[in-house]
Amino acid sequence: MGDYVEALGLVFQWHVLLVIGGGTLLGLIMGALPGLTAAMAIALLLPLTFGMPPVMGMGMLLGTLCGAIAGGSVSATLLNIPGTPSSVATTLDAFPMARRGEAGRALGICIVASFVGGVFSAVVLSLLAPPIADFALRFGPAEYFALSVFGLVIIASVSSKSLIKGLVAGLIGLLIATVGTDPVAGVQRYTFNNLSLLTGVNLLPALIGLFAVSQVLKDVVDYFGGGPVEHSKNKMDHARPRWLETLRYWKVLLSSSVIGTIVGAIPGAGGSIGSFLSYDQAKKMSKTPEKFGTGHPEGIVASESSNNALVGGALIPMLTLGIPGEAATAVLMGGLMIQGISPGPTLFTDNGSIIYGIFIAFFVANIFMLLIQWFGIRMFVKVLQVPRKLLMALILMFCVIGVYAVDADIFNVYLMLGFGGLGYFLNRYDFGTAPVILGLILGPIAESNIRRALMLSGGDWSVLVTRPISLVFLLVAAAFLFFTLWQNRRQTTPHS
Amino acid sequence: MVRTRSDALFHLVLLALAGWFLQEAWNLPANAAGGSLSPAFFPRAISSAIAILLLISMVRGLVAGTLLARDTSDEAATSPAWVPVLAWGAVALLLVLYAVLLEPLGYVVSTALFLFLCVAIISVLSRQRGDGIPMVRVLMLALFSAVVSVAIFLIFSVGFEIVLPTIGVMGV
Amino acid sequence: MKKILSVLGAATMLASSMAMAADYPSKNIQFIVPWSAGGGADTAVRAMQPGLEKALGTTIVVRNIGGGGGAVGFSRAVASKPDGYTVTIPTNATFTLEGLGNVAFTRDDFEFIARVLVEPYVMAVRPNDDWSDLESLVNERKASGEPLRMGASGVGSSTHIVSLMLARELGIKMEVIPFDSGSAAVSAAMGGHIDGVVLNPSEVISAIDGNRLKAIVTTGEERSGVLPDAPTMHEAGYDFELAQWRGIAAPKGLDPAIEEQWVEAVKQMVEDPQFQKTARSIGTDVSPLYGEELDQFVERTSKPLIEEAGAIRQ
């Protein structure tokens with residue numbers, strides 16, 4: 001208790017609050033730009049933290065992380081540019097809603113859902129971190145494989161127009177994921193002596209190509225066909241946090257926050273699938289599953305609350321075990337270590353006030369995220385008032401330099417353009433692009449882990465069903481698959 | 001608007017790609033250490049599955065009679081059908097050129113050119129027949145392109161410390 | 001005429017290179033990190049940056065060129081002009097990439113300027129009734145004939161290759177399982193899915209401090225500063241020594257006068273207590289080496305790594 005009081009004193013000083021807010025703002029801006037990731041934003045600010053006390057420095061970096069995730073949702077909503085893989089699920093409903101002229105409403109729901117998700121994960125982080133971390137450790141290769149199979153079932157759920165075409169799109173993603181040095185034997189697959197492909201197809205160029213570039217290419221065509229949208233008609237009076245509308249879906253909010261936090265806590269599970277899993281279960285529980293994908297608030301609530309709950313979740317194994325799940329938490333952990341603080345169980349006993357200070361700073365960062373977006377929402381929506389032909393050219397420019405900035409490698413830009421063309425045609429013929437991303441994210445997890453699991457079991461496939469967590473995931477995956485097929489059939493029968 | 005013949009064509013393109021991936025996968029080593037799966041297993045399995053599903057999808061299209069039906073054109077189109085296609089091709093080509101010239105010309109020059117040409121192409125193609133092109137707007141656009149590319153360059157390189165390609169003249 | 005021209009040309013080139021060395025550095029220096037921000041090499045460069053900037057009197061621009069597990073960035077570095085304005089951070093990955101045969105460069109394409117930091121490889125295992133130290137582990141595994149299942153940080157990484165070398169040196173069967181990252185391997189070991197890991201100290205220090213893993217041997221010349229309790233292979237009675245290292249290298253053909261300036265700058269930097277503190281907190285030991293000794297070190301370290309990596313390729 002004394003530690004908590006001391007920690008409060010460490011956070012609530014005006015200069016500490018100021019840097020947390022500043023970090024959040026910078027994260028928001030960088031997160032909204034395609035290609036610039038949370039990890040890059042944190043790495044940028046890292047040197048500034050060397051001279052700060054630990055809680056102040058970590059608070060700034062946590063603010064940056066929260067801001068970057070939130071910023072990614074802004075560009076996903078307005079322009080169909082998912083800043084991170086985890087905001088892909090947000091584009092599914094928020095972008096159609098924005099296209100209907102309700103960008104303010106879509107953002108308003110995003111803001112509230114993100115805040116709830118973020119705060120929920122902060123509570124879980126400060127109360128339940130050690131047991132959740134222990135649960136995460138029970139994930140071995142077999143469990144990761146089962147989890148990725150569970151994730152792949154979502155392909156059936158996000159391919160609403162034609163199941164077969166959706167599956168083809170998902171498999172295309174899986175196939176592209178096999179490009180590069182194979183993860184277990186080190187064999188080159190489809191690399192053609194191209195150095196940039198040695199570690200496989202980089203996810204960001206694929207993401208930005210499939211969503212943003214393909215969307216602009218479609219907009220170019222629509223521009224001449226009269227175009228279904230007139231951005232300037234966006235209703236500004238909707239542009240405020242939509243508290244009641246969002247909290248009405250409290251069940252979705254709660255379950256998505258839980259899923260986001262737990263999936264986020266499993267290191268390397270592709271935290272990004274958390275928002276897809278939440279979207280999927282919200283659709284299954286919903287009374288109106290057919291509205292998902294058309295600009296339905298429930299879909300936005302599910303994806304966004306889960307998306308931000310992932311942040312708190314990802315901090316759990318990093319702080320309690322010293323295991324960063326992905327790039328952004330890895331840079332955060334580097335920041336902690338340079339401060340001379342070694343994450344892990346000893347952090348709780350040796351540096352109580354610091355760890356609680358970090359928890360409180362994370363809360364504060366979420367509040368700043370809410371406030372900055374609250375004041376910024378009208379400005380965000382105004383982006384859409386830029387004349388369409390200018391906007392299209394500017395989006396393409398940001399995509400090109402953002403993707404170039406990822407690795408300072410022009411090859412990634414070509415890759416993005418290739419994915420842009422692919423995505424355009426996949427959308428045009430109703431295959432869809434979300435399944436491709438799922439395949440790309442989950443393919444490497446599925447393949448490397450099943451091969452590791454079989455290496456450890458000496459070729460015995462029964463490990464998948466004798467280990468309880470793995471068995472549960474596989475059973476639930478099978479049940480979900482049948483449920484989705486049944487739900488689809490029920491929806492399509494009356495029409496045919 | 002129903003596009004069915006081109007749908008069939010797209011199926012064939014994907015099928016050819018899957019076939020190519022499958023054929024390449026036969027050159028991968030198919031033996032695996034310790035009873036695990038070989039590096040060739042997943043590429044082969046996935047590309048075969050794609051090919052099978054595409055065939056099923058095509059057969060279903062044939063049975064439903066939609067696969068080879070004539071494309072119906074969009075009645076509401078305000079401009080000739082070739083204009084959007086031309087615009088699409090021009091923007092795509094421009095993007096490729098932008099990527100090719102990004103490093104040789106440096107960020108600022110290539111971006112200013114890209115922004116200018118991209119907006120100009122769309123404007124020219126969408127203008128009504130007989131409209132002139134006012135010089136003032138061309139100059140405005142040129143100025144806009146130059147200012148935006150310099151401003152973004154400064155924000156990225158000074159603000160975000162991201163190294164963008166330069167040609168080494170006056171720091172751009 | 002031609003002759004005169006070529007002589008003149010050579011003379012001006014020589015003069016300009018001398019002039020270059022004299023007023024070096026006259027512009028910003030680009031430090032290529034062949035991995036994305038946040039990795040061990042990136043942290044090391046950012047730790048060296050302030051000290052080097054002060055000593056050289058210029059700005060160092062850190063440029064992360066990721067992709068290909070270091071292959072893209074190193075290739076870009078050796079292809080640039082050896083004028084001292086482009087340097088990179090050599091590590092054991094420079095050698096394993098060569099051994100795996102996916103890249104066009106070899107170690108001879110680099111001018112190695114300095115070794116700055118070293119960290120050994122550490123073998124850390126889950127606490128177990130059957131073994132408590134290296135000796136009991138080796139005896140138990142030899143008696144049972146079961147393979148030891150160890151995680152490494154990626155296929156073809158130096159941790160993967162060192163694991164294979166350690167197995168041979170210790171005379172036990174080892175199944176090396178490559179994970180996607182060092183932390184993924186640590187998490188699998190903590191969860192009991194594998195027996196242990198072979199990684200660098202910075203990646204396992206949290207697990208060891210939390211008593212979830214035990215460091216049983218390290219591969220350095222001396223004990224690691226962050227794991228003072230773990231014996232080296234030498235102390236355990238084996239003739240084996242191989243450490244991960246990070247330093248500074250330029251493309252081949254660097255003017256010796258410029259190289260000398262760099263060596264002086266590194267010597268100044270390593271004296272700085274702030275740098276020493278940062279190096280320690282990221283789990284590495286400051287152990288500078290230059291010139292002839294450095295070349296011997298590169299030769300000694302690269303040979304086995306390249307051979308062993310070449311064997312994986314088969």
# chains A, B, ... in the order shown; residues from 1 in each chain; ligands from 1
>>> residues_around(residues="C:Asp272", least_positions_apart="2", cutoff="12 Å", atoms="only C-alpha atoms", output="PDB file with C-alpha atoms, in the first residue's frame")
ATOM      1  CA  ALA C  47      24.512   3.598 -26.667  1.00  0.00           C
ATOM      2  CA  MET C  48      27.740   4.331 -28.577  1.00  0.00           C
ATOM      3  CA  PRO C  50      26.746  10.122 -28.022  1.00  0.00           C
ATOM      4  CA  GLY C  51      30.331   9.171 -27.110  1.00  0.00           C
ATOM      5  CA  LEU C  52      31.412   8.785 -30.726  1.00  0.00           C
ATOM      6  CA  LYS C  54      31.636  13.879 -29.036  1.00  0.00           C
ATOM      7  CA  ALA C  55      34.966  12.296 -29.937  1.00  0.00           C
ATOM      8  CA  ALA C 265      37.344   8.055 -30.918  1.00  0.00           C
ATOM      9  CA  VAL C 266      36.419   4.582 -29.689  1.00  0.00           C
ATOM     10  CA  LYS C 267      39.223   4.708 -27.118  1.00  0.00           C
ATOM     11  CA  GLN C 268      37.786   7.968 -25.788  1.00  0.00           C
ATOM     12  CA  MET C 269      34.241   6.643 -25.779  1.00  0.00           C
ATOM     13  CA  VAL C 270      34.966   3.488 -23.809  1.00  0.00           C
ATOM     14  CA  GLN C 274      28.178   6.873 -18.660  1.00  0.00           C
ATOM     15  CA  PHE C 275      28.888   4.551 -21.598  1.00  0.00           C
ATOM     16  CA  GLN C 276      30.219   1.856 -19.294  1.00  0.00           C
ATOM     17  CA  LYS C 277      27.090   2.082 -17.178  1.00  0.00           C
ATOM     18  CA  THR C 278      24.790   1.816 -20.203  1.00  0.00           C
ATOM     19  CA  ALA C 279      26.765  -1.123 -21.597  1.00  0.00           C
ATOM     20  CA  VAL C 286      33.086  -3.446 -22.596  1.00  0.00           C
TER      21      VAL C 286
END
>>> interface_residues(of="chain A", to="chain C", cutoff="7 Å", atoms="only C-alpha atoms", output="compact mmCIF listing (two decimals) with C-alpha atoms, in the first residue's frame")
# COMPACT_ATOMS: atom_id res chain seq x y z
CA MET A 40 9.33 3.35 -34.31
CA ALA A 43 12.43 4.11 -30.41
CA LEU A 137 3.78 -19.76 -20.18
CA ARG A 138 1.70 -22.88 -20.65
CA GLY A 140 4.12 -24.39 -26.07
CA PRO A 183 11.61 -21.24 -39.92
CA VAL A 184 12.81 -24.67 -38.86
CA ALA A 185 15.11 -26.16 -41.50
CA GLY A 186 16.45 -22.91 -42.96
CA LEU A 195 17.94 -10.50 -49.90
CA SER A 196 14.83 -8.60 -48.84
CA LEU A 197 12.79 -11.80 -49.04
CA LEU A 198 15.14 -13.87 -46.87
CA THR A 199 13.07 -13.19 -43.76
CA LEU A 321 8.60 -12.36 -17.03
CA GLY A 322 10.83 -10.07 -19.06
CA ILE A 323 9.37 -11.48 -22.26
CA PRO A 324 8.31 -8.93 -24.86
CA ALA A 330 10.63 -5.08 -26.97
CA VAL A 331 11.67 -1.43 -27.39
CA GLY A 334 15.02 -1.95 -23.80
CA MET A 337 16.81 -2.06 -18.98
CA ILE A 338 18.79 1.04 -19.91
CA GLY A 340 18.98 -0.19 -14.92
CA SER A 342 15.46 -5.51 -15.06
CA PRO A 343 11.90 -6.63 -15.77
CA GLY A 344 10.79 -9.90 -14.24
CA PRO A 345 9.45 -11.11 -10.92
CA THR A 346 12.09 -9.21 -8.98
CA ASP A 407 13.26 -0.75 -43.37
CA ALA A 408 14.70 1.97 -45.63
CA ASP A 409 14.27 -0.61 -48.37
CA ARG A 452 8.33 -27.56 -33.63
>>> closest_atom_pairs(of="chain B", to="chain A", cutoff="7 Å", atoms="only C-alpha atoms", output="CSV")
residue,atom,partner,partner_atom,distance
B:Asp7,CA,A:Tyr429,CA,6.2
B:Gly34,CA,A:Met455,CA,5.4
B:Gly35,CA,A:Gly459,CA,4.1
B:Ser36,CA,A:Leu454,CA,4.9
B:Leu37,CA,A:Arg451,CA,5.8
B:Pro39,CA,A:Asp182,CA,6.4
B:Pro43,CA,A:Leu175,CA,6.2
B:Ile46,CA,A:Leu175,CA,6.1
B:Ser47,CA,A:Leu175,CA,6.8
B:Ile50,CA,A:Val168,CA,5.7
B:Leu53,CA,A:Ile164,CA,6.6
B:Ser57,CA,A:Ile164,CA,6.6
B:Ala77,CA,A:Gly225,CA,4.9
B:Thr78,CA,A:Gly225,CA,6.1
B:Ser79,CA,A:Phe224,CA,6.6
B:Pro84,CA,A:Val221,CA,4.8
B:Val85,CA,A:Val221,CA,7.0
B:Ala87,CA,A:Val220,CA,6.9
B:Trp88,CA,A:Val220,CA,6.2
B:Ala99,CA,A:Val413,CA,6.6
B:Leu115,CA,A:Ala393,CA,5.8
B:Cys118,CA,A:Ala393,CA,6.1
B:Val119,CA,A:Lys389,CA,5.9
B:Ile122,CA,A:Lys389,CA,6.9
B:Ser126,CA,A:Phe224,CA,6.7
B:Phe160,CA,A:Leu44,CA,6.8
B:Ile162,CA,A:Ala405,CA,6.5
>>> write_last_selection(atoms="N, CA and C atoms", output="compact mmCIF listing (two decimals), in the first residue's frame")
# COMPACT_ATOMS: atom_id res chain seq x y z
N ASP B 7 -14.41 -12.15 -64.26
CA ASP B 7 -14.32 -13.00 -63.07
C ASP B 7 -13.68 -14.33 -63.45
N GLY B 34 13.67 -35.50 -37.64
CA GLY B 34 12.96 -35.79 -36.39
C GLY B 34 11.47 -36.03 -36.53
N GLY B 35 11.01 -36.58 -37.66
CA GLY B 35 9.61 -36.93 -37.79
C GLY B 35 8.69 -35.74 -37.96
N SER B 36 9.26 -34.55 -38.19
CA SER B 36 8.43 -33.38 -38.37
C SER B 36 8.07 -33.22 -39.84
N LEU B 37 7.40 -32.12 -40.16
CA LEU B 37 7.00 -31.89 -41.54
C LEU B 37 8.14 -31.27 -42.32
N PRO B 39 10.06 -28.85 -45.27
CA PRO B 39 9.87 -27.48 -45.73
C PRO B 39 8.92 -27.41 -46.93
N PRO B 43 3.93 -25.38 -48.56
CA PRO B 43 3.73 -24.80 -49.90
C PRO B 43 2.93 -25.73 -50.81
N ILE B 46 -0.83 -26.01 -49.52
CA ILE B 46 -1.63 -24.79 -49.67
C ILE B 46 -1.90 -24.52 -51.15
N SER B 47 -0.87 -24.64 -52.00
CA SER B 47 -1.14 -24.31 -53.41
C SER B 47 -2.09 -25.33 -54.03
N ILE B 50 -5.57 -24.29 -52.97
CA ILE B 50 -6.05 -23.12 -53.72
C ILE B 50 -6.57 -23.56 -55.09
N LEU B 53 -9.95 -25.37 -54.77
CA LEU B 53 -11.06 -24.47 -54.45
C LEU B 53 -11.42 -23.58 -55.64
N SER B 57 -14.98 -23.33 -57.44
CA SER B 57 -15.64 -22.04 -57.61
C SER B 57 -16.03 -21.82 -59.07
N ALA B 77 -23.04 5.41 -65.59
CA ALA B 77 -21.73 6.02 -65.83
C ALA B 77 -21.86 7.35 -66.56
N THR B 78 -21.17 8.35 -66.09
CA THR B 78 -21.29 9.67 -66.69
C THR B 78 -20.24 9.89 -67.77
N SER B 79 -19.16 9.11 -67.75
CA SER B 79 -18.13 9.31 -68.74
C SER B 79 -17.95 7.99 -69.51
N PRO B 84 -12.31 5.52 -66.83
CA PRO B 84 -11.83 4.99 -65.54
C PRO B 84 -10.69 4.01 -65.70
N VAL B 85 -10.76 3.18 -66.73
CA VAL B 85 -9.70 2.20 -66.95
C VAL B 85 -8.38 2.92 -67.23
N ALA B 87 -7.61 5.98 -66.34
CA ALA B 87 -7.17 6.66 -65.13
C ALA B 87 -6.50 5.67 -64.19
N TRP B 88 -7.11 4.50 -64.05
CA TRP B 88 -6.56 3.46 -63.18
C TRP B 88 -5.15 3.10 -63.63
N ALA B 99 8.05 4.92 -57.40
CA ALA B 99 8.90 4.00 -56.63
C ALA B 99 10.26 3.87 -57.29
N LEU B 115 2.94 14.06 -56.92
CA LEU B 115 1.70 14.73 -56.50
C LEU B 115 1.12 15.53 -57.67
N CYS B 118 -0.16 13.16 -60.51
CA CYS B 118 -1.30 12.35 -60.11
C CYS B 118 -2.59 13.18 -60.13
N VAL B 119 -2.53 14.36 -59.50
CA VAL B 119 -3.72 15.20 -59.47
C VAL B 119 -4.03 15.70 -60.88
N ILE B 122 -5.83 13.05 -63.06
CA ILE B 122 -7.24 12.86 -62.69
C ILE B 122 -8.06 14.07 -63.13
N SER B 126 -11.05 13.99 -65.92
CA SER B 126 -12.42 14.17 -65.44
C SER B 126 -13.04 15.47 -65.94
N PHE B 160 10.73 13.10 -37.08
CA PHE B 160 10.67 11.67 -36.77
C PHE B 160 12.02 10.98 -36.94
N ILE B 162 13.54 10.04 -39.52
CA ILE B 162 13.50 8.95 -40.50
C ILE B 162 14.32 9.40 -41.70
>>> residues_around(residues="A:Glu326", least_positions_apart="6", cutoff="10 Å", atoms="only C-alpha atoms", output="MDAnalysis selection string")
(chainID A and resid 39 264 267:271 314 318) or (chainID C and resid 181 183:184)
>>> write_last_selection(atoms="C-alpha atoms", output="PDB file, in the first residue's frame")
ATOM      1  CA  ALA A  39       7.814   0.597 -32.156  1.00  0.00           C
ATOM      2  CA  GLY A 264      -2.221  -9.788 -25.885  1.00  0.00           C
ATOM      3  CA  PRO A 267       3.747 -13.494 -26.336  1.00  0.00           C
ATOM      4  CA  GLY A 268       4.117 -13.701 -30.083  1.00  0.00           C
ATOM      5  CA  ALA A 269       0.613 -15.028 -30.671  1.00  0.00           C
ATOM      6  CA  GLY A 270       0.239 -12.274 -33.214  1.00  0.00           C
ATOM      7  CA  GLY A 271      -1.484 -10.011 -30.702  1.00  0.00           C
ATOM      8  CA  ALA A 314       1.201  -7.243 -23.897  1.00  0.00           C
ATOM      9  CA  MET A 318       7.030  -8.082 -20.460  1.00  0.00           C
TER      10      MET A 318
ATOM     11  CA  SER C 181      13.141 -14.872 -31.422  1.00  0.00           C
ATOM     12  CA  SER C 183      12.341 -14.260 -26.077  1.00  0.00           C
ATOM     13  CA  ALA C 184      10.088 -16.904 -27.662  1.00  0.00           C
TER      14      ALA C 184
END
>>> atom_distance(atom1="atom CA of A:Leu370", atom2="atom CA of A:Ala113")
10.0 Å
>>> select_by_dssp(residues="stretch 16-131 of chain B", states="alpha helix (DSSP H)", output="PyMOL selection string")
chain B and resi 16-25+41-64+82-105+107-126
>>> write_last_selection(atoms="C-alpha atoms", output="compact mmCIF listing (two decimals), in the first residue's frame")
# COMPACT_ATOMS: atom_id res chain seq x y z
CA ALA B 16 -2.01 -20.23 -63.07
CA LEU B 17 -0.26 -18.58 -60.11
CA ALA B 18 -1.19 -21.43 -57.78
CA GLY B 19 0.08 -23.88 -60.38
CA TRP B 20 3.34 -22.00 -60.60
CA PHE B 21 3.77 -21.99 -56.81
CA LEU B 22 2.99 -25.71 -56.75
CA GLN B 23 5.51 -26.47 -59.45
CA GLU B 24 8.19 -24.45 -57.61
CA ALA B 25 7.34 -26.32 -54.42
CA PHE B 41 4.83 -29.69 -47.04
CA PHE B 42 3.01 -26.41 -46.49
CA PRO B 43 3.73 -24.80 -49.90
CA ARG B 44 2.52 -27.95 -51.66
CA ALA B 45 -0.56 -28.43 -49.51
CA ILE B 46 -1.63 -24.79 -49.67
CA SER B 47 -1.14 -24.31 -53.41
CA SER B 48 -2.99 -27.57 -54.13
CA ALA B 49 -5.85 -26.47 -51.92
CA ILE B 50 -6.05 -23.12 -53.72
CA ALA B 51 -6.18 -24.84 -57.09
CA ILE B 52 -8.94 -27.22 -55.97
CA LEU B 53 -11.06 -24.47 -54.45
CA LEU B 54 -10.69 -22.30 -57.56
CA LEU B 55 -11.84 -25.19 -59.74
CA ILE B 56 -14.86 -25.74 -57.48
CA SER B 57 -15.64 -22.04 -57.61
CA MET B 58 -15.48 -22.07 -61.42
CA VAL B 59 -17.66 -25.14 -61.73
CA ARG B 60 -20.23 -23.57 -59.44
CA GLY B 61 -20.17 -20.45 -61.60
CA LEU B 62 -20.71 -22.53 -64.73
CA VAL B 63 -23.62 -24.42 -63.19
CA ALA B 64 -25.23 -21.19 -62.05
CA TRP B 82 -12.56 3.64 -71.12
CA VAL B 83 -11.89 6.70 -68.97
CA PRO B 84 -11.83 4.99 -65.54
CA VAL B 85 -9.70 2.20 -66.95
CA LEU B 86 -7.27 4.72 -68.39
CA ALA B 87 -7.17 6.66 -65.13
CA TRP B 88 -6.56 3.46 -63.18
CA GLY B 89 -3.73 2.48 -65.49
CA ALA B 90 -2.21 5.95 -65.39
CA VAL B 91 -2.25 6.14 -61.59
CA ALA B 92 -0.82 2.62 -61.29
CA LEU B 93 1.95 3.45 -63.78
CA LEU B 94 2.67 6.70 -61.99
CA LEU B 95 3.02 4.83 -58.69
CA VAL B 96 5.53 2.43 -60.20
CA LEU B 97 7.52 5.33 -61.66
CA TYR B 98 7.43 7.08 -58.30
CA ALA B 99 8.90 4.00 -56.63
CA VAL B 100 11.56 3.62 -59.32
CA LEU B 101 12.60 7.28 -59.16
CA LEU B 102 12.36 7.72 -55.38
CA GLU B 103 16.00 6.88 -54.71
CA PRO B 104 17.64 8.35 -57.88
CA LEU B 105 15.76 11.67 -57.72
CA TYR B 107 12.37 12.22 -51.93
CA VAL B 108 11.51 15.88 -52.47
CA VAL B 109 11.76 16.01 -56.26
CA SER B 110 10.09 12.69 -56.95
CA THR B 111 7.27 13.40 -54.51
CA ALA B 112 6.56 16.84 -55.92
CA LEU B 113 6.43 15.36 -59.42
CA PHE B 114 4.20 12.51 -58.29
CA LEU B 115 1.70 14.73 -56.50
CA PHE B 116 1.54 17.14 -59.43
CA LEU B 117 1.11 14.49 -62.11
CA CYS B 118 -1.30 12.35 -60.11
CA VAL B 119 -3.72 15.20 -59.47
CA ALA B 120 -3.20 16.59 -62.98
CA ILE B 121 -4.04 13.29 -64.67
CA ILE B 122 -7.24 12.86 -62.69
CA SER B 123 -8.25 16.47 -63.33
CA VAL B 124 -7.58 16.29 -67.05
CA LEU B 125 -9.42 13.02 -67.46
CA SER B 126 -12.42 14.17 -65.44
>>> residues_around(residues="A:Ile273", least_positions_apart="5", cutoff="9 Å", atoms="only C-alpha atoms", output="list in words")
Pro85, Ser86, Ala89, Ser148, Gly151, Gly260, Val263, Gly264, Ser278, Leu438, Ile441 and Leu442 of chain A
>>> write_last_selection(atoms="C-alpha atoms", output="short mmCIF file (atom, residue, chain, number, x, y, z; two decimals), in the first residue's frame")
data_model
loop_
_atom_site.label_atom_id
_atom_site.label_comp_id
_atom_site.auth_asym_id
_atom_site.auth_seq_id
_atom_site.Cartn_x
_atom_site.Cartn_y
_atom_site.Cartn_z
CA PRO A 85 -2.34 -5.34 -38.16
CA SER A 86 -4.59 -5.11 -35.11
CA ALA A 89 -10.69 -5.59 -37.97
CA SER A 148 -3.58 -20.28 -34.92
CA GLY A 151 -7.71 -17.94 -35.65
CA GLY A 260 -7.86 -8.66 -26.13
CA VAL A 263 -4.46 -12.81 -26.34
CA GLY A 264 -2.22 -9.79 -25.89
CA SER A 278 -13.27 -10.39 -30.67
CA LEU A 438 -5.29 -13.37 -41.46
CA ILE A 441 -0.30 -13.32 -39.84
CA LEU A 442 -1.28 -16.82 -38.82
#
>>> atom_distance(atom1="atom CA of A:Ala38", atom2="atom CA of A:Ile266")
18.8 Å
>>> atom_distance(atom1="atom CA of C:Leu199", atom2="atom CA of C:Ala230")
13.7 Å
>>> select_by_dssp(residues="stretch 57-125 of chain C", states="strand (DSSP E)", output="list in words")
Ile60, Val61, Val62, Arg63, Asn64, Thr86, Val87, Thr88, Phe110, Glu111, Phe112, Ile113, Ala114, Arg115, Val116, Leu117, Val118, Glu119, Pro120, Val122, Met123, Ala124 and Val125 of chain C
>>> residues_around(residues="stretch 254-264 of chain C", least_positions_apart="5", cutoff="8 Å", atoms="only C-alpha atoms", output="number ranges by chain")
C: 17, 21, 24, 56, 82-84, 111, 113-114, 290
>>> write_last_selection(atoms="N, CA and C atoms", output="PDB file, in the first residue's frame")
ATOM      1  N   SER C  17      42.318  12.583 -51.435  1.00  0.00           N
ATOM      2  CA  SER C  17      42.102  11.645 -50.331  1.00  0.00           C
ATOM      3  C   SER C  17      42.881  12.086 -49.099  1.00  0.00           C
ATOM      4  N   ALA C  21      41.266  13.073 -45.531  1.00  0.00           N
ATOM      5  CA  ALA C  21      41.639  12.567 -44.220  1.00  0.00           C
ATOM      6  C   ALA C  21      41.926  13.709 -43.258  1.00  0.00           C
ATOM      7  N   TYR C  24      38.674  15.304 -42.181  1.00  0.00           N
ATOM      8  CA  TYR C  24      37.636  14.342 -41.797  1.00  0.00           C
ATOM      9  C   TYR C  24      37.305  14.510 -40.326  1.00  0.00           C
ATOM     10  N   LEU C  56      34.363  12.429 -32.293  1.00  0.00           N
ATOM     11  CA  LEU C  56      34.644  12.728 -33.698  1.00  0.00           C
ATOM     12  C   LEU C  56      34.263  14.155 -34.057  1.00  0.00           C
ATOM     13  N   PRO C  82      34.150   3.670 -49.361  1.00  0.00           N
ATOM     14  CA  PRO C  82      34.949   3.541 -48.125  1.00  0.00           C
ATOM     15  C   PRO C  82      35.561   4.886 -47.733  1.00  0.00           C
ATOM     16  N   ASP C  83      34.715   5.919 -47.600  1.00  0.00           N
ATOM     17  CA  ASP C  83      35.245   7.251 -47.305  1.00  0.00           C
ATOM     18  C   ASP C  83      35.116   7.599 -45.822  1.00  0.00           C
ATOM     19  N   GLY C  84      34.685   6.599 -45.030  1.00  0.00           N
ATOM     20  CA  GLY C  84      34.570   6.862 -43.604  1.00  0.00           C
ATOM     21  C   GLY C  84      33.250   7.486 -43.213  1.00  0.00           C
ATOM     22  N   GLU C 111      36.347  -3.528 -43.465  1.00  0.00           N
ATOM     23  CA  GLU C 111      37.532  -3.067 -42.755  1.00  0.00           C
ATOM     24  C   GLU C 111      37.099  -2.979 -41.290  1.00  0.00           C
ATOM     25  N   ILE C 113      37.158  -1.912 -37.736  1.00  0.00           N
ATOM     26  CA  ILE C 113      37.821  -0.810 -37.048  1.00  0.00           C
ATOM     27  C   ILE C 113      38.034  -1.127 -35.563  1.00  0.00           C
ATOM     28  N   ALA C 114      36.989  -1.628 -34.928  1.00  0.00           N
ATOM     29  CA  ALA C 114      37.120  -1.891 -33.492  1.00  0.00           C
ATOM     30  C   ALA C 114      36.111  -2.930 -33.043  1.00  0.00           C
ATOM     31  N   TYR C 290      41.589  -3.531 -31.130  1.00  0.00           N
ATOM     32  CA  TYR C 290      41.827  -2.803 -32.383  1.00  0.00           C
ATOM     33  C   TYR C 290      42.931  -3.498 -33.174  1.00  0.00           C
TER      34      TYR C 290
END
